[in-house]
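Have a look at start07.cif below; it lists mmCIF, C-alpha atoms.
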data_model
loop_
_atom_site.label_atom_id
_atom_site.label_comp_id
_atom_site.auth_asym_id
_atom_site.auth_seq_id
_atom_site.Cartn_x
_atom_site.Cartn_y
_atom_site.Cartn_z
CA MET E 1 -47.53 77.87 -216.18
CA PRO E 2 -50.07 80.48 -217.20
CA ILE E 3 -52.23 80.58 -220.28
CA VAL E 4 -50.24 82.63 -222.80
CA ASN E 5 -50.84 84.87 -225.79
CA MET E 6 -51.11 82.63 -228.86
CA LYS E 7 -49.66 85.29 -231.16
CA ASP E 8 -46.47 85.34 -229.10
CA MET E 9 -46.41 81.54 -229.02
CA LEU E 10 -46.71 81.15 -232.80
CA GLN E 11 -44.29 83.98 -233.54
CA HIS E 12 -41.66 82.12 -231.50
CA ALA E 13 -42.37 78.95 -233.47
CA TYR E 14 -42.16 80.86 -236.76
CA GLU E 15 -38.84 82.48 -235.88
CA HIS E 16 -37.29 79.23 -234.63
CA GLY E 17 -38.49 76.87 -237.35
CA TYR E 18 -40.91 74.53 -235.61
CA ALA E 19 -44.70 74.11 -235.39
CA VAL E 20 -47.09 74.08 -232.45
CA GLY E 21 -49.84 71.47 -232.53
CA ALA E 22 -53.44 72.66 -232.32
CA PHE E 23 -55.18 69.48 -231.21
CA ASP E 24 -58.96 69.43 -231.44
CA LEU E 25 -60.63 67.96 -228.38
CA VAL E 26 -64.14 66.58 -227.96
CA SER E 27 -64.09 65.21 -224.41
CA LEU E 28 -62.17 65.15 -221.14
CA ASP E 29 -60.19 62.13 -222.37
CA PHE E 30 -58.93 64.21 -225.29
CA LEU E 31 -58.26 67.21 -223.06
CA GLN E 32 -56.25 65.24 -220.52
CA GLY E 33 -54.43 63.20 -223.14
CA ILE E 34 -53.32 66.30 -225.05
CA VAL E 35 -52.10 68.12 -221.95
CA ASP E 36 -50.34 65.00 -220.65
CA ALA E 37 -48.45 64.69 -223.94
CA ALA E 38 -47.39 68.34 -223.95
CA GLU E 39 -46.15 68.06 -220.38
CA ARG E 40 -44.12 64.91 -221.08
CA ALA E 41 -42.55 66.64 -224.08
CA GLN E 42 -42.23 69.99 -222.27
CA ALA E 43 -43.79 71.70 -225.27
CA PRO E 44 -46.19 74.55 -225.91
CA VAL E 45 -49.62 73.37 -227.04
CA ILE E 46 -52.91 74.75 -228.35
CA LEU E 47 -56.16 73.31 -227.04
CA SER E 48 -58.48 73.65 -230.02
CA LEU E 49 -62.27 73.51 -229.94
CA ALA E 50 -63.91 73.31 -233.36
CA GLU E 51 -67.49 74.46 -233.72
CA SER E 52 -67.96 71.69 -236.26
CA HIS E 53 -67.60 69.28 -233.31
CA PHE E 54 -70.04 71.02 -230.97
CA GLU E 55 -72.63 68.30 -231.55
CA ALA E 56 -70.32 66.03 -229.55
CA PHE E 57 -70.20 68.19 -226.42
CA ASP E 58 -71.68 71.22 -224.71
CA PHE E 59 -69.17 74.01 -225.39
CA ALA E 60 -70.20 76.11 -222.38
CA LEU E 61 -69.89 73.10 -220.05
CA LEU E 62 -66.55 71.89 -221.39
CA MET E 63 -64.81 75.28 -221.46
CA PRO E 64 -64.36 75.59 -217.65
CA ALA E 65 -62.55 72.24 -217.68
CA VAL E 66 -60.39 73.34 -220.61
CA GLU E 67 -59.47 76.57 -218.85
CA ALA E 68 -58.74 74.75 -215.58
CA ALA E 69 -56.49 72.24 -217.37
CA ALA E 70 -54.65 75.05 -219.15
CA LYS E 71 -54.07 77.01 -215.95
CA ARG E 72 -52.65 74.07 -214.03
CA ALA E 73 -50.49 72.77 -216.89
CA SER E 74 -46.72 72.89 -216.51
CA VAL E 75 -46.29 74.11 -220.11
CA PRO E 76 -47.52 77.19 -222.05
CA VAL E 77 -51.07 76.70 -223.34
CA ALA E 78 -53.39 78.70 -225.59
CA ILE E 79 -57.12 78.02 -226.10
CA HIS E 80 -58.44 78.41 -229.64
CA LEU E 81 -61.88 78.46 -231.29
CA ASP E 82 -61.44 76.56 -234.56
CA HIS E 83 -63.80 76.89 -237.54
CA GLY E 84 -66.24 79.22 -235.81
CA ALA E 85 -69.47 79.57 -237.75
CA SER E 86 -70.21 83.27 -237.15
CA PHE E 87 -69.21 86.53 -235.50
CA GLU E 88 -71.54 85.64 -232.62
CA SER E 89 -69.75 82.31 -232.20
CA ALA E 90 -66.45 84.14 -231.79
CA VAL E 91 -67.86 86.56 -229.21
CA ASN E 92 -69.31 83.63 -227.26
CA ALA E 93 -65.99 81.76 -227.41
CA ILE E 94 -64.04 84.79 -226.17
CA ASN E 95 -66.49 85.36 -223.34
CA LEU E 96 -66.20 81.68 -222.34
CA GLY E 97 -62.40 81.71 -222.24
CA CYS E 98 -60.86 81.21 -225.69
CA ASN E 99 -57.88 83.50 -226.20
CA ALA E 100 -57.64 83.06 -229.97
CA VAL E 101 -60.40 82.67 -232.56
CA MET E 102 -61.03 81.69 -236.15
CA VAL E 103 -64.30 82.13 -238.07
CA ASP E 104 -64.26 80.14 -241.28
CA ALA E 105 -65.38 82.16 -244.30
CA SER E 106 -63.05 80.36 -246.70
CA ASP E 107 -65.98 79.00 -248.73
CA LYS E 108 -67.11 82.55 -249.53
CA PRO E 109 -65.94 84.79 -252.42
CA LEU E 110 -62.75 86.70 -251.57
CA GLN E 111 -64.42 90.03 -250.82
CA ASP E 112 -67.04 88.42 -248.58
CA ASN E 113 -64.31 86.51 -246.75
CA ILE E 114 -62.40 89.78 -246.25
CA THR E 115 -65.47 91.63 -244.97
CA ILE E 116 -66.43 88.89 -242.50
CA THR E 117 -62.88 88.44 -241.25
CA ARG E 118 -62.13 92.16 -240.96
CA THR E 119 -65.21 92.67 -238.78
CA LEU E 120 -64.14 89.74 -236.62
CA THR E 121 -60.55 90.99 -236.34
CA GLU E 122 -61.60 94.49 -235.28
CA MET E 123 -63.74 93.07 -232.48
CA ALA E 124 -61.20 90.48 -231.35
CA HIS E 125 -58.26 92.88 -231.35
CA ASP E 126 -60.30 95.25 -229.17
CA CYS E 127 -60.33 92.34 -226.71
CA GLY E 128 -56.62 91.60 -227.08
CA ILE E 129 -57.46 88.37 -228.94
CA PRO E 130 -55.42 87.23 -231.97
CA VAL E 131 -57.26 86.00 -235.06
CA GLU E 132 -56.60 83.22 -237.56
CA GLY E 133 -57.97 83.70 -241.04
CA GLU E 134 -58.35 81.11 -243.79
CA LEU E 135 -57.93 81.74 -247.49
CA GLY E 136 -58.42 79.06 -250.10
CA TYR E 137 -60.54 76.03 -249.31
CA VAL E 138 -59.44 72.78 -247.63
CA PRO E 139 -62.09 70.13 -248.39
CA GLY E 140 -62.89 66.87 -246.65
CA VAL E 141 -62.28 63.56 -248.41
CA GLU E 142 -62.85 60.67 -246.00
CA GLY E 143 -63.44 60.25 -242.30
CA GLU E 144 -65.22 61.98 -239.45
CA ASP E 145 -64.51 65.56 -240.62
CA ALA E 146 -65.03 65.01 -244.34
CA GLU E 147 -68.78 65.68 -244.46
CA ARG E 148 -68.30 68.99 -242.63
CA HIS E 149 -66.09 70.29 -245.47
CA PRO E 150 -67.75 69.38 -248.77
CA GLY E 151 -66.62 70.57 -252.19
CA GLU E 152 -63.43 70.81 -254.20
CA ILE E 153 -60.07 72.19 -253.16
CA CYS E 154 -59.36 75.86 -253.88
CA TYR E 155 -55.67 76.71 -253.61
CA THR E 156 -54.47 79.87 -251.90
CA THR E 157 -52.75 82.33 -254.24
CA VAL E 158 -49.95 84.69 -253.26
CA ALA E 159 -51.69 87.79 -254.59
CA GLU E 160 -54.97 87.04 -252.81
CA ALA E 161 -53.10 86.18 -249.61
CA GLN E 162 -51.39 89.58 -249.61
CA THR E 163 -54.67 91.38 -250.24
CA TYR E 164 -56.47 89.35 -247.60
CA VAL E 165 -53.91 89.88 -244.84
CA GLN E 166 -53.55 93.59 -245.55
CA SER E 167 -57.32 94.08 -245.67
CA THR E 168 -58.24 92.03 -242.59
CA GLY E 169 -55.33 92.44 -240.17
CA VAL E 170 -55.32 88.74 -239.22
CA ASP E 171 -52.44 87.48 -237.09
CA PHE E 172 -52.01 84.09 -238.79
CA LEU E 173 -53.19 82.65 -242.09
CA ALA E 174 -54.46 79.13 -242.79
CA VAL E 175 -53.63 78.21 -246.38
CA SER E 176 -54.75 75.59 -248.86
CA ILE E 177 -51.81 73.87 -250.53
CA GLY E 178 -53.08 70.29 -250.94
CA THR E 179 -54.06 68.96 -247.51
CA VAL E 180 -57.59 67.78 -246.74
CA HIS E 181 -59.79 67.53 -243.67
CA GLY E 182 -60.23 63.98 -242.45
CA ARG E 183 -58.24 61.08 -243.89
CA MET E 184 -56.11 61.23 -246.99
CA GLN E 185 -56.79 58.93 -249.95
CA GLY E 186 -53.45 57.92 -251.37
CA LYS E 187 -50.35 60.05 -251.05
CA PRO E 188 -51.18 63.76 -250.96
CA GLU E 189 -49.49 66.07 -253.43
CA LEU E 190 -48.53 69.20 -251.52
CA ASP E 191 -47.60 72.42 -253.31
CA TYR E 192 -44.49 73.41 -251.38
CA GLN E 193 -43.53 76.07 -253.93
CA ARG E 194 -46.87 77.80 -253.39
CA LEU E 195 -46.39 77.64 -249.62
CA ARG E 196 -42.85 79.01 -249.90
CA GLN E 197 -44.01 81.92 -252.05
CA ILE E 198 -46.84 82.76 -249.64
CA ASN E 199 -44.40 82.63 -246.74
CA GLU E 200 -41.92 84.90 -248.50
CA ALA E 201 -44.67 87.38 -249.37
CA LEU E 202 -46.30 87.52 -245.92
CA GLY E 203 -43.55 86.79 -243.38
CA MET E 204 -46.06 85.62 -240.77
CA PRO E 205 -47.01 82.31 -239.09
CA LEU E 206 -48.93 80.07 -241.48
CA VAL E 207 -51.43 77.39 -240.47
CA ILE E 208 -52.03 73.96 -241.96
CA HIS E 209 -55.51 72.45 -241.66
CA GLY E 210 -55.82 68.73 -242.32
CA GLY E 211 -52.63 67.27 -240.83
CA THR E 212 -53.71 63.62 -240.59
CA GLY E 213 -52.12 61.29 -243.13
CA LEU E 214 -49.02 63.32 -243.94
CA SER E 215 -45.60 61.69 -243.82
CA ASP E 216 -42.79 62.80 -241.52
CA ASP E 217 -40.96 64.32 -244.48
CA GLN E 218 -44.04 66.23 -245.61
CA PHE E 219 -44.47 67.74 -242.17
CA GLN E 220 -40.82 68.80 -242.15
CA GLN E 221 -41.13 70.49 -245.53
CA LEU E 222 -44.31 72.30 -244.45
CA ILE E 223 -42.55 73.63 -241.35
CA ALA E 224 -39.48 74.63 -243.36
CA ASN E 225 -41.74 76.80 -245.50
CA GLY E 226 -43.48 78.73 -242.73
CA ALA E 227 -46.07 76.39 -241.21
CA SER E 228 -46.05 77.27 -237.50
CA LYS E 229 -49.41 75.82 -236.43
CA ILE E 230 -50.71 72.43 -237.50
CA ASN E 231 -54.33 71.44 -236.82
CA TYR E 232 -54.77 67.79 -235.90
CA TYR E 233 -57.80 65.71 -235.00
CA THR E 234 -58.72 62.74 -237.20
CA ALA E 235 -55.71 60.62 -236.19
CA LEU E 236 -56.48 61.28 -232.52
CA SER E 237 -60.08 60.22 -233.11
CA ASP E 238 -58.91 57.08 -234.91
CA ALA E 239 -56.52 56.23 -232.06
CA ALA E 240 -59.38 56.59 -229.58
CA ALA E 241 -61.70 54.44 -231.69
CA LYS E 242 -59.03 51.76 -232.08
CA GLN E 243 -58.59 51.63 -228.31
CA ILE E 244 -62.34 51.30 -227.74
CA LEU E 245 -62.54 48.48 -230.30
CA HIS E 246 -59.64 46.73 -228.56
CA ASN E 247 -61.37 47.09 -225.20
CA THR E 248 -64.59 45.74 -226.67
CA SER E 249 -62.87 42.62 -227.95
CA THR E 250 -61.05 41.95 -224.68
CA SER E 251 -63.53 43.11 -222.03
CA ALA E 252 -67.00 42.83 -223.46
CA SER E 253 -68.75 42.83 -220.07
CA SER E 254 -66.84 45.59 -218.30
CA GLY E 255 -69.30 48.46 -218.97
CA TYR E 256 -68.53 52.02 -219.93
CA THR E 257 -65.36 52.47 -217.87
CA GLY E 258 -63.96 49.29 -219.34
CA LEU E 259 -64.71 50.42 -222.88
CA VAL E 260 -62.84 53.71 -222.41
CA LYS E 261 -59.94 52.22 -220.46
CA ASP E 262 -56.58 53.61 -221.64
CA LEU E 263 -58.36 55.98 -224.04
CA ARG E 264 -56.52 58.97 -222.62
CA ASP E 265 -53.17 57.19 -223.08
CA ALA E 266 -53.92 56.30 -226.71
CA ILE E 267 -54.73 59.92 -227.53
CA SER E 268 -51.70 61.13 -225.59
CA THR E 269 -49.29 58.80 -227.39
CA GLU E 270 -50.29 60.08 -230.83
CA THR E 271 -50.24 63.69 -229.63
CA GLU E 272 -46.73 63.35 -228.22
CA ARG E 273 -45.51 61.74 -231.44
CA CYS E 274 -46.66 64.79 -233.38
CA ILE E 275 -45.26 67.29 -230.89
CA ARG E 276 -41.80 65.73 -231.12
CA LEU E 277 -41.96 65.35 -234.90
CA TRP E 278 -42.89 69.01 -235.36
CA GLY E 279 -39.99 70.25 -233.24
CA ALA E 280 -41.88 71.73 -230.27
CA ALA E 281 -40.49 69.34 -227.63
CA GLY E 282 -38.31 70.99 -225.01
CA ARG E 283 -39.44 74.50 -225.98
CA ALA E 284 -41.71 75.20 -223.00
CA GLU E 285 -39.34 77.38 -220.95
CA GLU E 286 -38.15 79.54 -223.84
CA VAL E 287 -41.72 80.00 -225.10
CA LEU E 288 -42.88 81.01 -221.66
CA ALA E 289 -40.08 83.58 -221.44
CA ARG E 290 -41.17 85.01 -224.79
CA CYS E 291 -44.95 85.04 -224.26
CA ARG E 292 -47.09 87.54 -222.46
CA PRO E 293 -49.22 85.78 -219.83
CA TRP E 294 -52.96 85.90 -220.29
CA THR E 295 -54.18 88.12 -217.43
CA LEU E 296 -57.78 88.85 -216.50
CA VAL E 297 -59.06 92.21 -215.27
CA GLU E 298 -61.72 92.79 -212.62
CA HIS E 299 -63.77 95.95 -213.17
CA LEU E 300 -65.23 96.79 -209.77
CA ILE E 301 -67.98 99.34 -209.11
CA VAL E 302 -69.50 99.90 -205.69
CA TYR E 303 -72.45 102.27 -205.55
CA ASN E 304 -75.67 103.43 -203.99
CA VAL E 305 -78.98 103.93 -205.77
CA GLU E 306 -81.10 107.04 -205.42
CA GLY E 307 -84.68 107.55 -206.58
CA LEU E 308 -85.53 103.86 -206.99
CA ASP E 309 -87.19 101.48 -204.59
CA THR E 310 -85.55 98.10 -203.95
CA ALA E 311 -87.63 96.27 -206.56
CA SER E 312 -86.85 98.85 -209.25
CA ALA E 313 -83.16 98.86 -208.33
CA LYS E 314 -82.97 95.10 -208.72
CA LYS E 315 -84.79 95.29 -212.05
CA MET E 316 -82.17 97.81 -213.27
CA ILE E 317 -79.37 95.54 -212.02
CA ALA E 318 -80.83 92.47 -213.78
CA GLU E 319 -81.10 94.38 -217.04
CA GLY E 320 -77.50 95.50 -216.72
CA ARG E 321 -76.33 91.98 -216.07
CA ARG E 322 -78.15 90.80 -219.20
CA VAL E 323 -76.85 93.58 -221.43
CA LEU E 324 -73.26 93.80 -220.23
CA SER E 325 -72.63 90.05 -220.34
CA THR E 326 -73.07 90.09 -224.15
CA ILE E 327 -70.27 92.62 -224.75
CA PRO E 328 -67.15 91.06 -226.35
CA GLY E 329 -64.45 90.34 -223.81
CA VAL E 330 -66.78 90.20 -220.78
CA ARG E 331 -66.14 86.88 -219.08
CA GLU E 332 -68.56 87.31 -216.19
CA VAL E 333 -70.88 89.87 -214.61
CA PHE E 334 -71.41 89.52 -210.87
CA THR E 335 -73.97 91.77 -209.20
CA GLY E 336 -74.15 91.93 -205.45
CA GLU E 337 -75.94 93.52 -202.51
CA ALA E 338 -74.25 94.33 -199.19
CA MET E 339 -75.03 91.84 -196.44
CA LYS E 340 -75.15 94.66 -193.85
CA GLU E 341 -77.57 97.51 -194.47
CA ASP E 342 -75.28 100.06 -192.79
CA ASP E 343 -72.32 99.40 -195.12
CA LYS E 344 -71.19 102.52 -196.98
CA TYR E 345 -72.08 101.14 -200.41
CA ARG E 346 -75.21 99.08 -200.94
CA TYR E 347 -74.56 97.46 -204.34
CA THR E 348 -71.66 96.25 -206.47
CA TRP E 349 -70.84 95.27 -210.03
CA LEU E 350 -67.86 92.96 -210.54
CA VAL E 351 -67.26 92.62 -214.28
CA ARG E 352 -64.49 90.28 -215.38
CA PHE E 353 -62.65 91.19 -218.59
CA CYS E 354 -60.61 88.67 -220.58
CA HIS E 355 -57.79 91.16 -221.23
CA PRO E 356 -56.73 94.69 -220.20
CA LYS E 357 -57.62 95.99 -223.68
CA VAL E 358 -61.28 95.34 -222.91
CA ILE E 359 -61.26 98.22 -220.40
CA ASP E 360 -61.38 100.71 -223.28
CA SER E 361 -63.51 98.72 -225.73
CA TYR E 362 -66.08 97.96 -223.00
CA ARG E 363 -66.30 101.61 -221.96
CA GLU E 364 -66.99 102.67 -225.55
CA HIS E 365 -69.26 99.78 -226.56
CA PRO E 366 -72.74 101.02 -227.58
CA ALA E 367 -74.52 98.54 -225.29
CA HIS E 368 -72.54 99.73 -222.26
CA VAL E 369 -72.94 103.40 -223.16
CA ALA E 370 -76.71 103.06 -223.59
CA PHE E 371 -77.19 101.19 -220.33
CA ALA E 372 -74.90 103.45 -218.33
CA ASP E 373 -76.34 106.70 -219.68
CA ASN E 374 -80.02 105.73 -219.63
CA HIS E 375 -80.30 103.41 -216.63
CA PHE E 376 -77.28 103.37 -214.32
CA ARG E 377 -75.64 106.79 -214.02
CA PRO E 378 -78.89 108.73 -213.46
CA VAL E 379 -79.57 106.75 -210.25
CA ALA E 380 -76.05 105.86 -209.09
CA GLY E 381 -74.54 109.23 -208.33
CA GLU E 382 -72.58 107.94 -205.35
CA ARG E 383 -70.17 105.35 -206.70
CA MET E 384 -66.55 104.26 -206.93
CA SER E 385 -64.86 102.38 -209.77
CA ILE E 386 -61.51 100.51 -209.81
CA ASP E 387 -59.91 98.13 -212.33
CA TYR E 388 -57.78 95.30 -210.90
CA ILE E 389 -55.38 93.17 -212.95
CA GLU E 390 -54.97 89.52 -212.02
CA ILE E 391 -51.81 88.51 -210.17
CA THR E 392 -50.63 85.30 -211.85
CA ASN E 393 -47.50 84.47 -209.81
#
Entire entry expressed as structure tokens:
Amino acid sequence: MPIVNMKDMLQHAYEHGYAVGAFDLVSLDFLQGIVDAAERAQAPVILSLAESHFEAFDFALLMPAVEAAAKRASVPVAIHLDHGASFESAVNAINLGCNAVMVDASDKPLQDNITITRTLTEMAHDCGIPVEGELGYVPGVEGEDAERHPGEICYTTVAEAQTYVQSTGVDFLAVSIGTVHGRMQGKPELDYQRLRQINEALGMPLVIHGGTGLSDDQFQQLIANGASKINYYTALSDAAAKQILHNTSTSASSGYTGLVKDLRDAISTETERCIRLWGAAGRAEEVLARCRPWTLVEHLIVYNVEGLDTASAKKMIAEGRRVLSTIPGVREVFTGEAMKEDDKYRYTWLVRFCHPKVIDSYREHPAHVAFADNHFRPVAGERMSIDYIEITN
């Protein structure tokens, strides 16, 4: 099944009263375990990559594997940047293959959070990318993620939520109603009335950060009050650690592969438990029918250069490759030279866009306009341009 639009995916969950799991991954074992679980349950799933975990892996190296796993999965998949640290982080994530993003400004004053998120949303929507915002603050208490989220809880209010959504244009809202990042200490007290009021005021998919440690009943009440996306990591990490400790005690001399034996299965078992508990099992076909597939666009230009020698032409091409690859929504810039000198066109640009909407935003982007007007068009009078949309089936 193809990668799908996460906004469509979560809207289906919201309308049908279930939640899609956004499972943070930090390695190939996590990636494969999560996808395996979703396929067994025939459920939609979100592969989530949190910038707070980037110290554990190279984001640019892992993303091709994430995208490959998503494309070959038998269930609908979306790829999400979680807790991005900056606008630049979101652009990088989009250009590497994420088709939904979240930059966390929840620790900022309301107006600063609005300003940061609105700027992000304008850019992402120009790329066809949905955006998750966060209002209120979900702290860390204990466990691997706790130190990344210091401070005290700040609950989301209905009035601020309305102002925030209207001012930013976000597609989903992560709220603070009593959960914490990492492990819970004791039984959490969740403010369901607050969540219900936010849901009634906004009428949009809501997101819960800090899912580890909640009871089955608590999850059901969260979903009943509008939670359509639940972020989940710490329990997966604990399951992986428990498996490694078990392997250590039973196979002390087996080396690395022995220590990580059955790691993927341990992660997958916990993932599948959550998927079924949250009501997403068996939804794959209906979600796929509802969701727009994620289709790439190839922007092709073939051209000849006049007034420049070969060295100068290649310098111009290298500069274009550098500049254009930084534009939001540009997945790849390929520059080529004809293998036969007598071919009609000597050079080519093949620019891959993440979404058809990028055709317009790319054309109007200041970096593209400046390069095209000052460097490319003056010397490439003889050229042809065509946009091709990806055929996915």
Got a sec to resolve the PyMOL selection byres ((chain E and resi 323-327) around 8) on this structure and send the residues as a count of residues only? 16
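Note on the selection: in this file the PyMOL selection byres ((chain E and resi 225) around 10) comes out as Tyr14, Gly17, Tyr192, Gln193, Arg194, Leu195, Arg196, Gln197, Ile198, Asn199, Glu200, Pro205, Leu206, Gln220, Gln221, Leu222, Ile223, Ala224, Gly226, Ala227 and Ser228 of chain E.
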Okay, now the selection with C-alpha atoms, as a PDB file, in the coordinates of the input?
ATOM      1  CA  TYR E  14     -42.160  80.860-236.760  1.00  0.00           C
ATOM      2  CA  GLY E  17     -38.490  76.870-237.350  1.00  0.00           C
ATOM      3  CA  TYR E 192     -44.490  73.410-251.380  1.00  0.00           C
ATOM      4  CA  GLN E 193     -43.530  76.070-253.930  1.00  0.00           C
ATOM      5  CA  ARG E 194     -46.870  77.800-253.390  1.00  0.00           C
ATOM      6  CA  LEU E 195     -46.390  77.640-249.620  1.00  0.00           C
ATOM      7  CA  ARG E 196     -42.850  79.010-249.900  1.00  0.00           C
ATOM      8  CA  GLN E 197     -44.010  81.920-252.050  1.00  0.00           C
ATOM      9  CA  ILE E 198     -46.840  82.760-249.640  1.00  0.00           C
ATOM     10  CA  ASN E 199     -44.400  82.630-246.740  1.00  0.00           C
ATOM     11  CA  GLU E 200     -41.920  84.900-248.500  1.00  0.00           C
ATOM     12  CA  PRO E 205     -47.010  82.310-239.090  1.00  0.00           C
ATOM     13  CA  LEU E 206     -48.930  80.070-241.480  1.00  0.00           C
ATOM     14  CA  GLN E 220     -40.820  68.800-242.150  1.00  0.00           C
ATOM     15  CA  GLN E 221     -41.130  70.490-245.530  1.00  0.00           C
ATOM     16  CA  LEU E 222     -44.310  72.300-244.450  1.00  0.00           C
ATOM     17  CA  ILE E 223     -42.550  73.630-241.350  1.00  0.00           C
ATOM     18  CA  ALA E 224     -39.480  74.630-243.360  1.00  0.00           C
ATOM     19  CA  GLY E 226     -43.480  78.730-242.730  1.00  0.00           C
ATOM     20  CA  ALA E 227     -46.070  76.390-241.210  1.00  0.00           C
ATOM     21  CA  SER E 228     -46.050  77.270-237.500  1.00  0.00           C
TER      22      SER E 228
END
Minimum-distance residue to Gly336 in chain E, chosen among E:Asp104, E:Pro356, E:Val302, E:Tyr137 (using only C-alpha atoms): E:Val302
Give the answer as one residue: which of E:Asn5, E:Thr212, E:Gln32, E:Thr168 has the shortest atom-to-atom distance to Ile230 in chain E, using all atoms listed in the file? E:Thr212
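For the pair CA of Thr269 in chain E and CA of Asp82 in chain E, the separation is 22.7 Å.
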Test item: the PyMOL selection byres ((chain E and resi 373-382) around 9) resolved as a PyMOL selection string: chain E and resi 302-308+313+316-317+320+345+368-372+383-384
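Put simply, CA of Ser48 in chain E is 11.6 Å away from CA of Ala70 in chain E.
One finds CA of Ile79 in chain E at 24.3 Å from CA of Tyr164 in chain E.
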Near Leu120 in chain E, within 12 Å and counting only C-alpha atoms, which residues show up once chain neighbours fewer than 5 positions away are dropped, as a ChimeraX atom specification? /E:84-91,94,100-105,113-115,125-127,129-133,168-171,328
Could you name the residues that touch Leu10 in chain E at 10 Å or less, counting only C-alpha atoms, but leaving out those on the same chain fewer than 2 positions away, as a ChimeraX atom specification? /E:5-8,12-16,18-20,44,46,171-172,204-207,227-229,287,291
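Distances to Ala22 in chain E were evaluated for E:Thr250, E:Thr271, E:Gln243, E:Gln162 using all atoms listed in the file, and the minimum falls at E:Thr271.
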Write out as a list in words each polymer residue whose atoms come within 6 Å of Trp349 in chain E, counting all atoms listed in the file; drop sequence neighbours fewer than 4 positions from it. Leu300, Ile301, Phe334 and Thr335 of chain E
The residues within 12 Å of (-62.0, 49.2, -230.7), using only C-alpha atoms and the coordinates of the file, should be reported as an MDAnalysis selection string; which are they? chainID E and resid 237:252 258:263 266
Pull the closest atom pair for each residue of range 270-386 of chain E that gets at most 12 Å from range 73-77 of chain E, along with the distance in Å to one decimal, counting all atoms listed in the file, ordering rows by chain and then ascending residue number, as a Markdown table.
| residue | atom | partner | partner_atom | distance |
| --- | --- | --- | --- | --- |
| E:Ala280 | CA | E:Val75 | CA | 11.3 |
| E:Ala281 | CA | E:Val75 | CA | 10.6 |
| E:Gly282 | CA | E:Val75 | CA | 9.9 |
| E:Arg283 | CA | E:Val75 | CA | 9.0 |
| E:Ala284 | CA | E:Val75 | CA | 5.5 |
| E:Glu285 | CA | E:Val75 | CA | 7.7 |
| E:Glu286 | CA | E:Pro76 | CA | 9.8 |
| E:Val287 | CA | E:Pro76 | CA | 7.1 |
| E:Leu288 | CA | E:Pro76 | CA | 6.0 |
| E:Ala289 | CA | E:Pro76 | CA | 9.8 |
| E:Arg290 | CA | E:Pro76 | CA | 10.4 |
| E:Cys291 | CA | E:Pro76 | CA | 8.6 |
| E:Arg292 | CA | E:Pro76 | CA | 10.4 |
| E:Pro293 | CA | E:Pro76 | CA | 9.0 |
| E:Trp294 | CA | E:Val77 | CA | 9.9 |
One residue among E:Gly211, E:Gly203, E:Ser268, E:Gly136 is nearest to Ile177 in chain E when using all atoms listed in the file, and that residue is E:Gly136
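Restricting the calculation to only C-alpha atoms, the smallest distance between Phe30 in chain E and any of E:Glu55, E:Asp265, E:Asp107, E:Asp309 is found for E:Asp265.
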